[in-house]
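S.K.: Structure below; questions to follow.
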Amino acid sequence: MLRYVIRRLLWTIPILFITSILVFVAIKATTNPAALRGPGISSDDVLRYKQQLGLDKSGTEQYLIWLKHIVRGDLGISLETRQAVWPDLQTAMWNTIRLGLFAWIITIMVGVTIGVVSAVKQYSWFDNASTGTSFVGLSVPPFFFGLVLQLVLVLKFQDWFGATPFYTSQMNSPGQSCSLCIDRFRHMVLPALTIAVQGIAIYSRLMRASMLDVMSSDYMRTARAKGISERRVIVRHAMRNALIPVTTFAALDVGAIIGGLIVTEQVFQWPGMGLYFLNSFSDGDYARVLPWMMIVVVSVVLFNLIADILYGVLDPRIRVG
Amino acid sequence: MARTELPTSGEVEGAAGSGEPGESADAIAIAEGLTAKPLSPSLLAWRRFRRHRLAMVSAVALLLIALFVFVPGLLTNFDQNQRDTAGTRNDGPSWAHPLGTDDLRRDVLARVLIGGQVSLKVGIAVALISIVVGALVGAFAGYRGGLVDSAMMRVTDLFLAIPLLVILIVLTNLPARHPRPKLWPTDIRVPLETLMGSKGSVRLIVTLLALFFWMQTARIVRGVILSLKEKEFVEAARALGASDTRILLRHLLPNCIGPIVVNMTLSVAAAILTESTLSFLGYGVQSATQATWGNLLSAAKGQLAIHAHLVLAPGITVVLTVLCVNYLGDGLRDALDPKQQRTRA
């Protein structure tokens with residue numbers, strides 16, 4: 001097992017290296033730092049500006065300089081604000097992680113519950129209804145679902161009842177900045193629901209399939225034959241094993257949180273990684289986009305690794321040398 | 001066709017796209033195969049498809065949506081950019097404008113219908129390209145293995161590390177920023193825009209989506225080919241002297257038709273959703289010339305509080321279309337891939 005972990009860890013180094021090249025080339029080719037200086041800029045100024053940023057050097061040289069800095073943990077300075085990238089990026093990261101993990105917990109709890117009940121009562125009305133509804137969940141674009149939530153639970157709610165417990169944008173009401181309080185919670189519910197709806201559809205189907213798979217195996221019959229109560233058979237014998245594939249999936253999803261909430265953050269103006277990317281990319285500020293990209297890539301690769309290891313730990317059958 | 005079908009437990013229970021137990025469909029096939037002249041696989045598939053009621057309804061609904069979208073004159077007399085100077089701005093639904101008007105007095109119904117042309121075209125074009133490329137590459141990789149196989153798997157692994165939406169957003173800027181990439185050989189004088197389409201065009205979106213969607217298909221086809229290539233019928237074909245190309249094209253690929261077709265419907269759905277998301281974020285098709293479901297939603301999101309119809313009209317249309325495509329895919333899976341039924345989600 002240890003050898004497997006070490007081998008997988010070593011394998012991430014070339015992956016990160018190659019993605020860093022791809023990311024660097026792609027971002028440099030698609031952003032225009034000169035645009036930041038406004039339209040009236042003279043060609044001399046452009047030249048001076050480029051020299052200042054080291055853009056007159058060759059592409060390889062620029063890449064190596066950037067790599068050297070980023071490996072040391074120096075994420076650089078924003079072209080636009082002329083301030084260090086890391087403080088803002090860090091705040092954005094925490095904001096996204098808060099929202100993402102909250103949504104992730106909702107997703108897993110609701111999704112797994114629906115999946116288990118569907119599988120245990122296969123072809124019941126509940127099973128049919130949840131399978132049918134999961135198609136709807138998969139077919140609604142997240143941004144539209146977010147807008148509908150805003151419309152119904154905030155705007156219309158206000159018309160009908162005079163007040164609403166939810167908010168459509170930002171993380172806190174003006175003047176408040178708490179992170180573990182009811183005000184934050186009320187801001188977080190709608191974006192979290194928007195993120196969760198697709199996940200719930202996916203997890204409930206995954207869990208249902210996995211449960212059905214496990215429940216048809218021989219040891220389930222053995223467990224029942226021993227006289228164990230049905231409840232215990234399902235919880236201790238079926239669910240525990242059925243959760244294995246779901247767990248790896250869930251680990252992958254945690255890694256995807258950091259770069260994956262772009263649409264929701266845009267709809268709800270949640271000041272996280274998604275908004276950070278959209279703003280800095282439309283500004284042409286590659287100095288802010290590049291570190292963003294690397295953080296996202298590292299997060300995905302890291303949780304890929306964790307998912308693989310988890311799979312091996314939980315299911316001894318798949319353990320590889 | 002007029003012959004009554006045997007009543008089975010599956011028929012009684014089967015509702016709401018949940019998929020009937022595979023045994024009943026097989027039982028019908030066997031029972032009918034014994035009683036009358038042999039039935040062709042496609043006829044059997046059609047029978048299985050017909051039993052999936054939601055898929056049948058969805059197929060009809062999709063045909064209707066396509067008809068209205070490509071022949072908008074059936075429902076409205078306006079064009080997408082035509083301003084109804086006699087009407088009022090942001091008007092709610094009325095007889096003249098069944099879905100109301102927008103801030104420039106344009107007919108929302110016309111814009112939703114004509115915007116749908118882009119969405120449907122993007123969906124179908126991306127699915128077709130990615131199916132052809134994905135099936136060929138996947139089949140080759142699975143059959144030959146070796147370098148092509150591992151190279152393909154590594155490349156797809158690599159792209160999984162960056163969120164697809166981010167790659168797409170970044171690349172929409174590429175043709176505008178780099179008309180003639182430096183790395184190209186000097187004798188190639190074709191600007192990148194003629195290859196990929198210019199920024200904000202439909203063609204650019206199709207190119208970019210196709211560029212990333214084929215990998216999914218390739219992975220699936222590769223898996224099927226890997227499991228099929230050791231089967232006896234392939235050995236038999238080889239013993240008879242069939243070439244590799246013939247084995248691939250005549251024996252292996254036709255056996256992948258189920259997963260390929262199912263994957264294609266899923267690609268259509270995913271492409272429509274991705275295009276609308278890109279347009280919503282402002283990186284898709286430009287709204288000034290061509291309406292799409294995504295950019296209609298994007299333009300309307302600021303007016304959610306006062307003119308909700310501007311958001312609901314395109315939004316509900318996207319949901320209905322994608323939902324129908326997904327149900328259709330589910331029905332096709334039951335029809336073409338009956339073995340998969342028992343374990344699928």
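Ligands are numbered from 1 in the order shown, residues from 1 within each chain, and chains are lettered A, B, ... in the order they appear in the structure tokens.
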Considering only C-alpha atoms, extract the chain A residues located within 8 Å of chain B and return them as a PyMOL selection string.

M.R.: chain A and resi 15+19+26-27+29-32+123+127-129+131-132+135-136+138-141+143-144+147-148+151+155+205-210+212-213+256+259-260+263+281+293+296-297+300-301

S.K.: Looking only at the backbone, which of the residues in region 68-99 of chain B does DSSP tag as helix (DSSP H, G or I), as a list in words?

M.R.: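 Filtering region 68-99 of chain B down to helix (DSSP H, G or I) leaves Phe68, Val69, Phe70, Pro72, Gly73 and Leu74 of chain B.
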
S.K.: Can I get the selected residues back with C-alpha atoms, as a PDB file, in the first residue's frame?

M.R.:
```
ATOM      1  CA  PHE B  68     -41.066  25.493 -34.096  1.00  0.00           C
ATOM      2  CA  VAL B  69     -37.462  26.547 -33.617  1.00  0.00           C
ATOM      3  CA  PHE B  70     -36.465  26.116 -37.247  1.00  0.00           C
ATOM      4  CA  PRO B  72     -40.528  30.200 -36.196  1.00  0.00           C
ATOM      5  CA  GLY B  73     -43.108  31.624 -38.615  1.00  0.00           C
ATOM      6  CA  LEU B  74     -45.559  29.008 -37.361  1.00  0.00           C
TER       7      LEU B  74
END
```

S.K.: I'd like the contact shell of region 99-114 of chain A - 6 Å cut-off, only C-alpha atoms, skipping same-chain residues fewer than 6 positions apart - returned as a count of residues only.

M.R.: 8

S.K.: Residues within 12 Å of Gly73 (chain A), please, as a list in words. Count only C-alpha atoms; anything in the same chain fewer than 3 positions from it doesn't count.

M.R.: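 In the requested format, the answer is Trp66, Leu67, Lys68, His69, Ile70, Gly76, Val85, Trp86, Pro291, Met294 and Ile295 of chain A.
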
S.K.: Name the closest residue to Asp218 (chain A) among the candidates A:Thr168, A:Glu61, A:Ala250, A:His237; distances are taken between atoms, counting only C-alpha atoms.

M.R.: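 Answer, going by the shortest atom-to-atom distance: A:His237.
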